[in-house]
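A.B. asks: What follows is structure.txt, compact mmCIF, C-alpha atoms and all ligand atoms.
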# COMPACT_ATOMS: atom_id res chain seq x y z
CA MET I 1 0.00 0.00 0.00
CA ILE I 2 2.61 2.56 1.09
CA GLU I 3 4.74 1.51 -1.92
CA ALA I 4 1.91 2.40 -4.28
CA VAL I 5 1.37 5.77 -2.59
CA LEU I 6 5.06 6.67 -2.78
CA ASP I 7 5.30 5.50 -6.38
CA ALA I 8 2.54 7.92 -7.30
CA LEU I 9 4.76 10.82 -6.21
CA LEU I 10 6.82 12.57 -8.88
CA GLU I 11 9.46 13.42 -6.30
CA PRO I 12 11.96 10.89 -5.01
CA ALA I 13 10.90 9.49 -1.63
CA LEU I 14 12.53 7.05 0.79
CA LEU I 15 10.84 5.30 3.69
CA LEU I 16 13.27 4.29 6.45
CA ASP I 17 12.24 1.47 8.80
CA ALA I 18 12.72 1.55 12.56
CA ASN I 19 16.25 0.15 12.14
CA GLY I 20 17.24 2.97 9.84
CA ARG I 21 17.24 0.91 6.66
CA VAL I 22 15.63 1.96 3.40
CA ALA I 23 12.41 -0.05 3.38
CA VAL I 24 10.91 1.60 0.30
CA ALA I 25 12.47 3.70 -2.45
CA ASN I 26 9.85 4.90 -4.92
CA GLY I 27 10.44 4.85 -8.68
CA ALA I 28 11.73 8.44 -8.78
CA ALA I 29 14.20 7.69 -5.96
CA GLN I 30 15.45 4.57 -7.71
CA ASP I 31 15.90 6.57 -10.94
CA ARG I 32 17.67 9.48 -9.31
CA LEU I 33 19.63 7.86 -6.47
CA GLY I 34 20.04 4.31 -7.76
CA VAL I 35 18.34 0.96 -7.19
CA TRP I 36 21.08 -0.11 -4.80
CA VAL I 37 19.73 2.07 -1.98
CA VAL I 38 16.94 -0.39 -1.08
CA GLY I 39 17.81 -2.29 2.10
CA ARG I 40 20.83 -0.10 2.90
CA SER I 41 21.23 1.89 6.07
CA TYR I 42 20.40 5.56 5.64
CA VAL I 43 23.86 6.51 6.85
CA SER I 44 25.48 4.85 3.84
CA VAL I 45 22.87 6.18 1.42
CA LEU I 46 22.80 9.83 2.48
CA ARG I 47 26.30 10.35 3.85
CA GLN I 48 25.98 14.15 4.12
CA PRO I 49 26.02 15.47 7.71
CA SER I 50 23.60 18.27 6.77
CA LEU I 51 20.93 15.61 6.18
CA LEU I 52 22.07 12.92 8.64
CA GLY I 53 21.51 15.26 11.63
CA PRO I 54 17.83 15.90 10.93
CA VAL I 55 17.21 12.20 10.22
CA GLU I 56 18.78 11.23 13.56
CA ASP I 57 16.61 13.83 15.30
CA ALA I 58 13.53 12.43 13.60
CA PHE I 59 14.30 8.92 14.86
CA ALA I 60 15.30 10.05 18.36
CA ASP I 61 12.74 12.74 19.17
CA GLY I 62 10.07 12.38 16.47
CA LYS I 63 10.96 15.87 15.29
CA PRO I 64 10.24 16.76 11.65
CA GLY I 65 12.94 18.65 9.77
CA ARG I 66 14.26 19.96 6.49
CA ALA I 67 17.71 19.81 4.91
CA ARG I 68 19.62 20.36 1.71
CA PHE I 69 21.09 17.37 -0.07
CA ALA I 70 23.42 17.56 -3.08
CA HIS I 71 23.57 14.48 -5.27
CA SER I 72 25.80 13.97 -8.25
CA SER I 73 25.43 11.26 -10.84
CA GLY I 74 27.96 11.46 -13.64
CA GLU I 75 28.50 15.14 -14.43
CA VAL I 76 25.14 16.37 -13.25
CA GLU I 77 24.84 17.76 -9.77
CA THR I 78 21.31 18.01 -8.42
CA LEU I 79 20.41 19.98 -5.33
CA TYR I 80 17.44 18.72 -3.30
CA GLU I 81 15.52 20.14 -0.44
CA VAL I 82 14.55 17.16 1.68
CA ARG I 83 11.53 17.00 4.00
CA VAL I 84 12.14 14.66 6.92
CA SER I 85 8.88 13.38 8.46
CA PRO I 86 8.79 10.91 11.33
CA LEU I 87 5.87 8.45 11.10
CA PRO I 88 4.67 6.83 14.31
CA VAL I 89 4.36 3.05 14.21
CA ALA I 90 3.40 0.50 16.86
CA GLY I 91 5.14 0.83 20.22
CA ARG I 92 7.83 3.47 20.66
CA GLN I 93 9.43 2.82 17.31
CA ARG I 94 9.35 5.20 14.39
CA GLN I 95 9.71 5.13 10.66
CA VAL I 96 11.01 8.19 8.83
CA LEU I 97 9.84 9.41 5.44
CA LEU I 98 12.19 11.47 3.27
CA VAL I 99 10.77 13.40 0.31
CA PHE I 100 13.27 15.06 -2.05
CA ARG I 101 12.38 18.22 -3.95
CA ASP I 102 14.70 19.18 -6.81
CA VAL I 103 15.64 22.83 -6.25
CA SER I 104 18.50 23.01 -8.78
CA GLU I 105 16.46 25.20 -11.11
CA LEU I 106 15.49 27.56 -8.34
CA ARG I 107 19.14 27.90 -7.55
CA ALA I 108 19.98 28.51 -11.22
CA GLY I 109 17.34 31.27 -11.14
CA GLU I 110 19.03 32.81 -8.11
CA SER I 111 22.39 32.77 -9.82
CA MET I 112 20.88 34.36 -12.95
CA ARG I 113 19.50 37.15 -10.80
CA ARG I 114 22.89 37.61 -9.19
CA ASP I 115 24.55 37.82 -12.62
CA PHE I 116 21.95 40.32 -13.72
CA VAL I 117 22.55 42.58 -10.73
CA ALA I 118 26.30 42.35 -11.31
CA ASN I 119 25.82 43.26 -14.99
CA VAL I 120 23.55 46.22 -14.23
CA SER I 121 25.95 47.52 -11.61
CA HIS I 122 28.84 47.27 -14.01
CA GLU I 123 26.92 48.99 -16.83
CA LEU I 124 25.95 51.87 -14.53
CA LYS I 125 29.33 52.14 -12.93
CA THR I 126 31.18 52.74 -16.18
CA PRO I 127 29.47 56.05 -17.07
CA LEU I 128 29.29 57.03 -13.43
CA THR I 129 33.04 56.65 -13.02
CA ALA I 130 33.55 58.75 -16.14
CA ILE I 131 31.26 61.49 -14.81
CA LEU I 132 33.07 61.55 -11.46
CA GLY I 133 36.36 61.86 -13.30
CA PHE I 134 35.08 64.85 -15.31
CA ILE I 135 33.77 66.53 -12.17
CA GLU I 136 37.18 66.17 -10.57
CA THR I 137 38.80 67.70 -13.66
CA LEU I 138 36.34 70.59 -13.62
CA GLN I 139 37.04 71.22 -9.96
CA GLY I 140 40.79 71.09 -10.49
CA PRO I 141 42.84 71.49 -13.66
CA ALA I 142 39.98 72.81 -15.86
CA ARG I 143 38.61 75.26 -13.28
CA ASP I 144 39.66 78.40 -15.15
CA ASP I 145 39.45 77.00 -18.66
CA PRO I 146 36.11 77.94 -20.26
CA LYS I 147 36.79 75.90 -23.42
CA GLY I 148 37.72 72.80 -21.47
CA ARG I 149 34.67 73.31 -19.29
CA ALA I 150 32.32 73.27 -22.27
CA ARG I 151 33.95 70.14 -23.61
CA PHE I 152 33.80 68.28 -20.30
CA LEU I 153 30.18 69.27 -19.76
CA ALA I 154 29.33 67.86 -23.19
CA LEU I 155 31.08 64.59 -22.32
CA MET I 156 29.27 64.45 -19.00
CA ALA I 157 25.93 65.02 -20.71
CA ASN I 158 26.74 62.15 -23.02
CA GLU I 159 27.52 59.75 -20.17
CA ALA I 160 24.48 60.88 -18.19
CA SER I 161 22.19 60.22 -21.14
CA ARG I 162 23.69 56.77 -21.47
CA MET I 163 22.76 56.05 -17.85
CA ASN I 164 19.33 57.49 -18.53
CA ARG I 165 18.77 55.17 -21.49
CA LEU I 166 19.96 52.21 -19.49
CA VAL I 167 17.57 52.94 -16.64
CA SER I 168 14.66 53.47 -19.09
CA ASP I 169 15.40 50.16 -20.78
CA LEU I 170 15.58 48.38 -17.43
CA LEU I 171 12.24 49.88 -16.42
CA SER I 172 10.72 48.79 -19.75
CA LEU I 173 11.95 45.26 -19.16
CA SER I 174 10.59 45.01 -15.65
CA ARG I 175 7.21 46.41 -16.75
CA LEU I 176 7.12 43.88 -19.57
CA GLU I 177 7.87 41.01 -17.24
CA GLY I 178 4.91 42.03 -15.12
CA GLN I 179 2.45 41.89 -18.01
CA SER I 180 3.83 39.04 -20.12
CA ARG I 181 0.65 36.96 -19.67
CA ARG I 182 -1.74 39.76 -20.61
CA ARG I 183 -2.25 39.83 -24.32
CA PRO I 184 -2.85 43.21 -25.98
CA THR I 185 -6.28 43.64 -27.58
CA ASP I 186 -6.25 47.17 -29.08
CA ARG I 187 -6.74 47.20 -32.83
CA LEU I 188 -4.09 48.97 -34.86
CA ASP I 189 -2.63 49.20 -38.33
CA LEU I 190 0.88 47.74 -38.40
CA ALA I 191 1.74 49.69 -41.55
CA VAL I 192 0.98 52.94 -39.71
CA VAL I 193 2.89 51.79 -36.62
CA LEU I 194 5.91 50.95 -38.78
CA GLY I 195 5.77 54.41 -40.34
CA GLU I 196 5.66 55.98 -36.88
CA ALA I 197 8.71 53.98 -35.82
CA ILE I 198 10.66 54.83 -38.95
CA ASP I 199 9.89 58.52 -39.52
CA PRO I 200 11.86 59.90 -36.55
CA LEU I 201 14.89 57.79 -37.53
CA ARG I 202 14.94 58.72 -41.21
CA PRO I 203 16.72 62.11 -41.05
CA GLY I 204 19.55 60.78 -38.89
CA ALA I 205 19.96 57.72 -41.08
CA GLU I 206 20.01 59.76 -44.27
CA ALA I 207 22.59 62.11 -42.80
CA GLU I 208 24.78 59.02 -42.43
CA GLY I 209 24.08 57.84 -45.95
CA VAL I 210 21.57 55.12 -45.05
CA THR I 211 18.29 55.01 -46.94
CA ILE I 212 15.21 53.34 -45.50
CA ALA I 213 12.62 51.76 -47.78
CA LEU I 214 9.25 50.61 -46.43
CA ARG I 215 7.08 48.29 -48.50
CA ALA I 216 3.60 47.78 -47.07
CA PRO I 217 0.48 46.37 -48.76
CA GLY I 218 -1.78 49.23 -47.65
CA ALA I 219 -3.43 48.63 -44.29
CA ALA I 220 -2.24 45.83 -41.98
CA PRO I 221 -4.83 45.54 -39.19
CA ALA I 222 -3.85 43.54 -36.11
CA PRO I 223 -4.32 43.50 -32.33
CA GLY I 224 -1.42 45.06 -30.48
CA ASP I 225 0.03 47.59 -28.09
CA ARG I 226 0.98 50.59 -30.19
CA ASP I 227 3.76 52.01 -28.00
CA GLN I 228 5.34 48.61 -27.51
CA LEU I 229 5.28 47.74 -31.20
CA ILE I 230 6.82 51.12 -32.05
CA GLN I 231 9.56 50.20 -29.58
CA VAL I 232 10.07 46.84 -31.33
CA PHE I 233 10.37 48.30 -34.82
CA ALA I 234 12.43 51.31 -33.70
CA ASN I 235 14.90 48.96 -31.98
CA LEU I 236 15.25 46.76 -35.06
CA MET I 237 15.61 49.80 -37.33
CA GLU I 238 18.24 51.35 -35.06
CA ASN I 239 20.21 48.13 -35.11
CA ALA I 240 19.97 47.84 -38.90
CA ILE I 241 21.16 51.45 -39.27
CA LYS I 242 23.90 51.20 -36.60
CA TYR I 243 25.33 47.82 -37.50
CA GLY I 244 24.66 48.01 -41.26
CA THR I 245 26.92 49.58 -43.89
CA ARG I 246 27.16 53.24 -44.75
CA PRO I 247 26.34 54.29 -47.28
CA GLY I 248 23.75 51.55 -47.26
CA ALA I 249 20.11 50.63 -47.49
CA VAL I 250 17.72 49.24 -44.92
CA GLU I 251 14.62 47.53 -46.20
CA VAL I 252 11.40 46.90 -44.31
CA VAL I 253 8.75 44.68 -45.84
CA ILE I 254 5.42 43.71 -44.37
CA ASP I 255 3.26 41.00 -45.84
CA ARG I 256 0.38 38.79 -44.84
CA ILE I 257 0.50 35.05 -44.28
CA ALA I 258 -2.88 33.31 -44.59
CA ARG I 259 -1.99 30.70 -42.00
CA GLU I 260 1.17 30.74 -39.91
CA PRO I 261 1.63 27.25 -38.44
CA VAL I 262 3.06 28.21 -35.05
CA ILE I 263 0.64 31.09 -34.56
CA ARG I 264 -2.10 28.80 -35.89
CA GLY I 265 -3.85 31.49 -37.83
CA PRO I 266 -3.39 34.46 -40.13
CA ALA I 267 -0.35 36.60 -39.38
CA TRP I 268 1.65 39.63 -40.49
CA ARG I 269 5.31 39.15 -41.23
CA VAL I 270 7.62 42.14 -40.87
CA VAL I 271 11.16 41.72 -42.22
CA VAL I 272 13.90 44.27 -41.48
CA SER I 273 17.04 43.68 -43.49
CA ASP I 274 20.37 45.43 -43.78
CA GLN I 275 23.49 44.93 -45.87
CA GLY I 276 25.96 45.08 -43.01
CA PRO I 277 28.76 42.70 -42.07
CA GLY I 278 26.20 40.40 -40.46
CA ILE I 279 26.54 38.24 -37.35
CA GLN I 280 28.54 35.03 -36.91
CA PRO I 281 26.16 32.10 -36.32
CA GLU I 282 27.43 31.27 -32.83
CA HIS I 283 26.22 34.64 -31.53
CA ILE I 284 22.71 34.52 -32.97
CA PRO I 285 21.00 32.37 -30.30
CA ARG I 286 22.34 34.65 -27.55
CA LEU I 287 21.46 38.08 -28.99
CA THR I 288 18.20 38.36 -27.04
CA GLU I 289 20.00 37.84 -23.71
CA ARG I 290 20.28 40.95 -21.61
CA PHE I 291 23.54 42.82 -22.17
CA TYR I 292 24.74 40.37 -24.82
CA ARG I 293 26.62 42.21 -27.55
CA VAL I 294 28.89 40.93 -30.28
CA ASP I 295 31.14 43.96 -30.09
CA THR I 296 30.74 45.73 -26.76
CA GLY I 297 32.94 48.67 -27.73
CA ARG I 298 30.97 49.40 -30.89
CA SER I 299 27.62 49.00 -29.15
CA ARG I 300 28.62 51.40 -26.35
CA ALA I 301 30.15 53.91 -28.76
CA THR I 302 26.86 54.11 -30.64
CA GLY I 303 24.83 54.51 -27.47
CA GLY I 304 23.63 50.90 -27.20
CA THR I 305 22.60 49.39 -23.88
CA GLY I 306 22.65 45.74 -24.97
CA LEU I 307 19.01 45.48 -23.89
CA GLY I 308 17.26 46.32 -27.18
CA LEU I 309 16.71 42.79 -28.47
CA ALA I 310 15.82 41.50 -24.99
CA ILE I 311 13.02 44.08 -24.94
CA VAL I 312 12.00 43.18 -28.51
CA LYS I 313 11.77 39.50 -27.58
CA HIS I 314 9.61 40.22 -24.53
CA ILE I 315 7.19 42.40 -26.48
CA VAL I 316 6.90 39.91 -29.34
CA ASN I 317 6.22 37.11 -26.84
CA ARG I 318 3.57 39.19 -25.13
CA HIS I 319 1.89 39.56 -28.55
CA ARG I 320 2.15 35.76 -29.02
CA GLY I 321 4.34 36.41 -32.03
CA ARG I 322 7.69 35.08 -33.16
CA LEU I 323 11.12 36.64 -33.55
CA ARG I 324 13.70 35.23 -35.90
CA ILE I 325 17.21 36.51 -36.63
CA GLU I 326 19.08 35.26 -39.68
CA SER I 327 22.41 36.44 -40.97
CA GLU I 328 24.92 35.57 -43.57
CA PRO I 329 28.28 37.02 -42.49
CA GLY I 330 29.41 39.54 -45.07
CA ARG I 331 25.96 39.80 -46.66
CA GLY I 332 23.75 41.32 -43.99
CA THR I 333 21.14 40.53 -41.38
CA ARG I 334 17.41 39.80 -41.63
CA VAL I 335 15.18 40.08 -38.60
CA THR I 336 11.66 38.71 -38.96
CA VAL I 337 8.83 39.50 -36.57
CA THR I 338 5.64 37.52 -37.12
CA LEU I 339 2.54 38.78 -35.33
CA PRO I 340 -0.96 37.29 -35.16
CA ALA I 341 -3.42 39.20 -37.36
CA GLU I 342 -6.39 38.21 -35.23
CA ILE I 343 -7.09 38.07 -31.53
CA GLY I 344 -8.55 34.56 -31.77
CA SER I 345 -5.38 32.80 -32.89
CA THR I 346 -3.44 31.16 -30.09
CA GLY I 347 0.23 31.69 -30.64
CA PRO I 348 3.11 30.29 -28.63
CA LEU I 349 3.01 31.22 -24.96
CA SER I 350 6.46 31.90 -23.67
N1 LIG I 401 21.39 44.25 -37.75
C1 LIG I 401 22.45 43.82 -37.04
N2 LIG I 401 23.65 43.55 -37.64
C2 LIG I 401 24.71 43.13 -36.91
N3 LIG I 401 24.70 42.95 -35.58
C3 LIG I 401 23.56 43.20 -34.92
C4 LIG I 401 22.38 43.65 -35.61
N4 LIG I 401 21.39 43.80 -34.68
C5 LIG I 401 21.93 43.48 -33.48
N5 LIG I 401 23.23 43.12 -33.62
C6 LIG I 401 24.14 42.68 -32.52
O1 LIG I 401 23.33 42.29 -31.42
C7 LIG I 401 23.73 42.98 -30.24
C8 LIG I 401 22.53 43.18 -29.35
O2 LIG I 401 21.62 44.10 -29.91
P1 LIG I 401 20.72 44.99 -28.93
O3 LIG I 401 20.09 44.07 -27.94
O4 LIG I 401 19.82 45.83 -29.77
O5 LIG I 401 21.78 45.86 -28.14
P2 LIG I 401 22.58 47.21 -28.54
O6 LIG I 401 22.12 47.63 -29.92
O7 LIG I 401 22.18 48.19 -27.50
O8 LIG I 401 24.02 46.84 -28.46
C9 LIG I 401 24.38 44.25 -30.74
O9 LIG I 401 25.30 44.73 -29.79
C10 LIG I 401 25.05 43.79 -32.02
O10 LIG I 401 26.29 43.22 -31.71
MG MG I 402 19.97 47.89 -30.26
Let me see whether you can do it: turn the structure in this file into structure tokens.
Ligand SMILES: Nc1ncnc2c1ncn2[C@@H]1O[C@H](COP(=O)(O)OP(=O)(O)O)[C@@H](O)[C@H]1O
Ligand SMILES: [Mg+2]
C.D. replies:
Amino acid sequence: MIEAVLDALLEPALLLDANGRVAVANGAAQDRLGVWVVGRSYVSVLRQPSLLGPVEDAFADGKPGRARFAHSSGEVETLYEVRVSPLPVAGRQRQVLLVFRDVSELRAGESMRRDFVANVSHELKTPLTAILGFIETLQGPARDDPKGRARFLALMANEASRMNRLVSDLLSLSRLEGQSRRRPTDRLDLAVVLGEAIDPLRPGAEAEGVTIALRAPGAAPAPGDRDQLIQVFANLMENAIKYGTRPGAVEVVIDRIAREPVIRGPAWRVVVSDQGPGIQPEHIPRLTERFYRVDTGRSRATGGTGLGLAIVKHIVNRHRGRLRIESEPGRGTRVTVTLPAEIGSTGPLS
């Protein structure tokens, strides 16, 4: 009976008899810890003092407990949180039930958060250090030098706006994370939204010798969040202009797909392509990670935060759309955003 109950659990579980031997190891425990554990004493199975203590207490005093238990098989190390529950049996004897919860992923999440905080701090510290240096110069050597003062103030303004952009991007990301499960329902015209994203960028691009061509089929009605989609297209356009060639041409095409298999319904496909040096294939899967850049120096020099594509990915996911980046080194980059054309279609949920 107890065997059947423990086998129904997804988590590994061990039942220790009154003599401290493994009386039952459920299927998950046999898979994860090994078949050999059945019949062995818990001391030889568990071996880690952090867990042995609570098990001894459970036998001696009937006290429940919790402990961490690290188990490695081959190259994989799994971290468990173990619940130790004494079970009363006839007389003064006790059995002890151990249930193992795999917390490795939780721990990976914690370490990702730590990395993120370290990255943010580093990204903010760089411009801040520069600003402090300029202030020192203004207070000292450049105090009576009006020309130098103007130059240092301009540099400081530059660094401060970099910090400003970084903080805005971080706020965008955290807002997006909060609403990732709420799908936008406003109706809009993607062709108009694309125009609104492109128009403010056109003069700057043309000044650098980059032309932008938009090909749209007339109206492209779809559900969506206007401000967020403008952010998506502006980010992709900025990248195509920044990392493309100059003189050069950026092309934006929008067309309709009658039935997109992953979105399971009609969709709009927006393709932004440039003729730049492109991206080596090993970088492509990582581009949507926060702060991932192929060439950090170039990204920083052009005012990049390394968060643009992470934001794009979040917004596209929220719209149940798809993002695809393709590149042929030397020939250019093509970024495709596919968005559902109707509210009814159920796209991939991230
Ligand atoms: N069109 C493109 N051509 C070449 N590289 C690109 C292109 N778009 C993005 N990248 C690379 O991807 C990186 C991440 O892009 P993004 O998240 O927008 O950050 P940022 O532009 O702020 O550096 C860029 O630093 C760049 O190395
Ligand atoms: Mg960018």
A.B. asks: Set the cut-off to 8 Å, count only C-alpha atoms and all ligand atoms, and list whatever residues fall near ligand LIG 401 (chain I) as a ChimeraX atom specification.
C.D. replies: /I:235-236,238-244,273-274,276-279,284,287-296,298-300,303-311,327,332-335
A.B. asks: Give me, please, the distance in Å between CA of Arg149 (chain I) and CA of Gly133 (chain I), quoted to one decimal.
C.D. replies: 13.0 Å
A.B. asks: Nearest residue to ligand MG 402 (chain I) out of I:Leu138, I:Leu339, I:Val312, I:Leu155, using only C-alpha atoms and all ligand atoms?
C.D. replies: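 Between I:Leu138, I:Leu339, I:Val312, I:Leu155, the residue approaching ligand MG 402 (chain I) most closely is I:Val312.
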A.B. asks: Nearest to Leu166 (chain I) among I:Thr126, I:Gln179, I:Gln139, I:Ser73, with distances taken over only C-alpha atoms: which residue is it?
C.D. replies: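 Smallest separation from Leu166 (chain I) among the options: I:Thr126.
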A.B. asks: For Ala197 (chain I), which residue among I:Arg226, I:Arg269, I:Arg320, I:Arg94 is the nearest when counting only C-alpha atoms?
C.D. replies: I:Arg226
A.B. asks: Taking (12.0, 4.8, 15.4) in the file's coordinates, which residues come within 12 Å, counting all atoms listed in the file, written as a PDB file with C-alpha atoms, keeping the file's coordinate frame?
C.D. replies:
ATOM      1  CA  LEU I  15      10.840   5.300   3.690  1.00  0.00           C
ATOM      2  CA  LEU I  16      13.270   4.290   6.450  1.00  0.00           C
ATOM      3  CA  ASP I  17      12.240   1.470   8.800  1.00  0.00           C
ATOM      4  CA  ALA I  18      12.720   1.550  12.560  1.00  0.00           C
ATOM      5  CA  ASN I  19      16.250   0.150  12.140  1.00  0.00           C
ATOM      6  CA  GLY I  20      17.240   2.970   9.840  1.00  0.00           C
ATOM      7  CA  ARG I  21      17.240   0.910   6.660  1.00  0.00           C
ATOM      8  CA  VAL I  55      17.210  12.200  10.220  1.00  0.00           C
ATOM      9  CA  GLU I  56      18.780  11.230  13.560  1.00  0.00           C
ATOM     10  CA  ASP I  57      16.610  13.830  15.300  1.00  0.00           C
ATOM     11  CA  ALA I  58      13.530  12.430  13.600  1.00  0.00           C
ATOM     12  CA  PHE I  59      14.300   8.920  14.860  1.00  0.00           C
ATOM     13  CA  ALA I  60      15.300  10.050  18.360  1.00  0.00           C
ATOM     14  CA  ASP I  61      12.740  12.740  19.170  1.00  0.00           C
ATOM     15  CA  GLY I  62      10.070  12.380  16.470  1.00  0.00           C
ATOM     16  CA  LYS I  63      10.960  15.870  15.290  1.00  0.00           C
ATOM     17  CA  SER I  85       8.880  13.380   8.460  1.00  0.00           C
ATOM     18  CA  PRO I  86       8.790  10.910  11.330  1.00  0.00           C
ATOM     19  CA  LEU I  87       5.870   8.450  11.100  1.00  0.00           C
ATOM     20  CA  PRO I  88       4.670   6.830  14.310  1.00  0.00           C
ATOM     21  CA  VAL I  89       4.360   3.050  14.210  1.00  0.00           C
ATOM     22  CA  ALA I  90       3.400   0.500  16.860  1.00  0.00           C
ATOM     23  CA  GLY I  91       5.140   0.830  20.220  1.00  0.00           C
ATOM     24  CA  ARG I  92       7.830   3.470  20.660  1.00  0.00           C
ATOM     25  CA  GLN I  93       9.430   2.820  17.310  1.00  0.00           C
ATOM     26  CA  ARG I  94       9.350   5.200  14.390  1.00  0.00           C
ATOM     27  CA  GLN I  95       9.710   5.130  10.660  1.00  0.00           C
ATOM     28  CA  VAL I  96      11.010   8.190   8.830  1.00  0.00           C
ATOM     29  CA  LEU I  97       9.840   9.410   5.440  1.00  0.00           C
TER      30      LEU I  97
END
A.B. asks: So, with only C-alpha atoms and all ligand atoms as the atoms that count, which of I:Ile131, I:Met237, I:Ala142, I:Leu229 lies closest to ligand MG 402 (chain I)?
C.D. replies: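 The answer is I:Met237, which sits nearest to ligand MG 402 (chain I).
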A.B. asks: Which residue gives the smallest distance to ligand MG 402 (chain I) among I:Glu110, I:Asp169, I:Asp255, I:Asp144, with only C-alpha atoms and all ligand atoms counted?
C.D. replies: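 Ranking I:Glu110, I:Asp169, I:Asp255, I:Asp144 by distance to ligand MG 402 (chain I), first place goes to I:Asp169.
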A.B. asks: Which distance in Å separates CA of Met156 (chain I) and CA of Thr137 (chain I), to one decimal?
C.D. replies: 11.4 Å
A.B. asks: Pick the closest to Asn317 (chain I) from I:Arg181, I:Arg264, I:Arg187, I:Arg331: which is it, counting all atoms listed in the file?
C.D. replies: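 Comparing I:Arg181, I:Arg264, I:Arg187, I:Arg331 against Asn317 (chain I), the winner is I:Arg181.
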A.B. asks: Pull the neighbourhood of (-0.2, 40.6, -48.1) for me: all residues within 9 Å in file coordinates, counting only C-alpha atoms, as a list in words.
C.D. replies: Ala216, Pro217, Gly218, Ala220, Ile254, Asp255, Arg256, Ile257, Ala258, Trp268 and Arg269 of chain I
A.B. asks: With C-alpha atoms retained, write the just-selected residues as a short mmCIF file (atom, residue, chain, number, x, y, z; two decimals), keeping the file's coordinate frame.
C.D. replies:
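Now in out-v1.cif:
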data_model
loop_
_atom_site.label_atom_id
_atom_site.label_comp_id
_atom_site.auth_asym_id
_atom_site.auth_seq_id
_atom_site.Cartn_x
_atom_site.Cartn_y
_atom_site.Cartn_z
CA ALA I 216 3.60 47.78 -47.07
CA PRO I 217 0.48 46.37 -48.76
CA GLY I 218 -1.78 49.23 -47.65
CA ALA I 220 -2.24 45.83 -41.98
CA ILE I 254 5.42 43.71 -44.37
CA ASP I 255 3.26 41.00 -45.84
CA ARG I 256 0.38 38.79 -44.84
CA ILE I 257 0.50 35.05 -44.28
CA ALA I 258 -2.88 33.31 -44.59
CA TRP I 268 1.65 39.63 -40.49
CA ARG I 269 5.31 39.15 -41.23
#
A.B. asks: Since the input lacks some atoms of region 277-288 of chain I, please model N, CA and C atoms and print them as a PDB file, keeping the file's coordinate frame.
C.D. replies:
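And here's selection-v8.pdb as it stands now:
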ATOM      1  N   PRO I 277      27.842  43.835 -42.144  1.00  0.00           N
ATOM      2  CA  PRO I 277      28.760  42.700 -42.070  1.00  0.00           C
ATOM      3  C   PRO I 277      28.107  41.439 -41.512  1.00  0.00           C
ATOM      4  N   GLY I 278      26.894  41.578 -40.948  1.00  0.00           N
ATOM      5  CA  GLY I 278      26.200  40.400 -40.460  1.00  0.00           C
ATOM      6  C   GLY I 278      26.706  39.928 -39.105  1.00  0.00           C
ATOM      7  N   ILE I 279      26.245  38.757 -38.684  1.00  0.00           N
ATOM      8  CA  ILE I 279      26.540  38.240 -37.350  1.00  0.00           C
ATOM      9  C   ILE I 279      26.988  36.792 -37.517  1.00  0.00           C
ATOM     10  N   GLN I 280      28.086  36.424 -36.859  1.00  0.00           N
ATOM     11  CA  GLN I 280      28.540  35.030 -36.910  1.00  0.00           C
ATOM     12  C   GLN I 280      27.489  34.136 -36.243  1.00  0.00           C
ATOM     13  N   PRO I 281      27.277  32.935 -36.797  1.00  0.00           N
ATOM     14  CA  PRO I 281      26.160  32.100 -36.320  1.00  0.00           C
ATOM     15  C   PRO I 281      26.197  31.782 -34.831  1.00  0.00           C
ATOM     16  N   GLU I 282      27.400  31.674 -34.238  1.00  0.00           N
ATOM     17  CA  GLU I 282      27.430  31.270 -32.830  1.00  0.00           C
ATOM     18  C   GLU I 282      26.822  32.332 -31.894  1.00  0.00           C
ATOM     19  N   HIS I 283      26.776  33.590 -32.386  1.00  0.00           N
ATOM     20  CA  HIS I 283      26.220  34.640 -31.530  1.00  0.00           C
ATOM     21  C   HIS I 283      24.703  34.701 -31.593  1.00  0.00           C
ATOM     22  N   ILE I 284      24.135  34.246 -32.718  1.00  0.00           N
ATOM     23  CA  ILE I 284      22.710  34.520 -32.970  1.00  0.00           C
ATOM     24  C   ILE I 284      21.772  34.038 -31.850  1.00  0.00           C
ATOM     25  N   PRO I 285      21.946  32.795 -31.335  1.00  0.00           N
ATOM     26  CA  PRO I 285      21.000  32.370 -30.300  1.00  0.00           C
ATOM     27  C   PRO I 285      21.083  33.209 -29.015  1.00  0.00           C
ATOM     28  N   ARG I 286      22.176  33.933 -28.819  1.00  0.00           N
ATOM     29  CA  ARG I 286      22.340  34.650 -27.550  1.00  0.00           C
ATOM     30  C   ARG I 286      21.980  36.128 -27.623  1.00  0.00           C
ATOM     31  N   LEU I 287      21.638  36.640 -28.833  1.00  0.00           N
ATOM     32  CA  LEU I 287      21.460  38.080 -28.990  1.00  0.00           C
ATOM     33  C   LEU I 287      20.333  38.661 -28.147  1.00  0.00           C
ATOM     34  N   THR I 288      19.318  37.820 -27.824  1.00  0.00           N
ATOM     35  CA  THR I 288      18.200  38.360 -27.040  1.00  0.00           C
ATOM     36  C   THR I 288      18.472  38.291 -25.538  1.00  0.00           C
TER      37      THR I 288
END
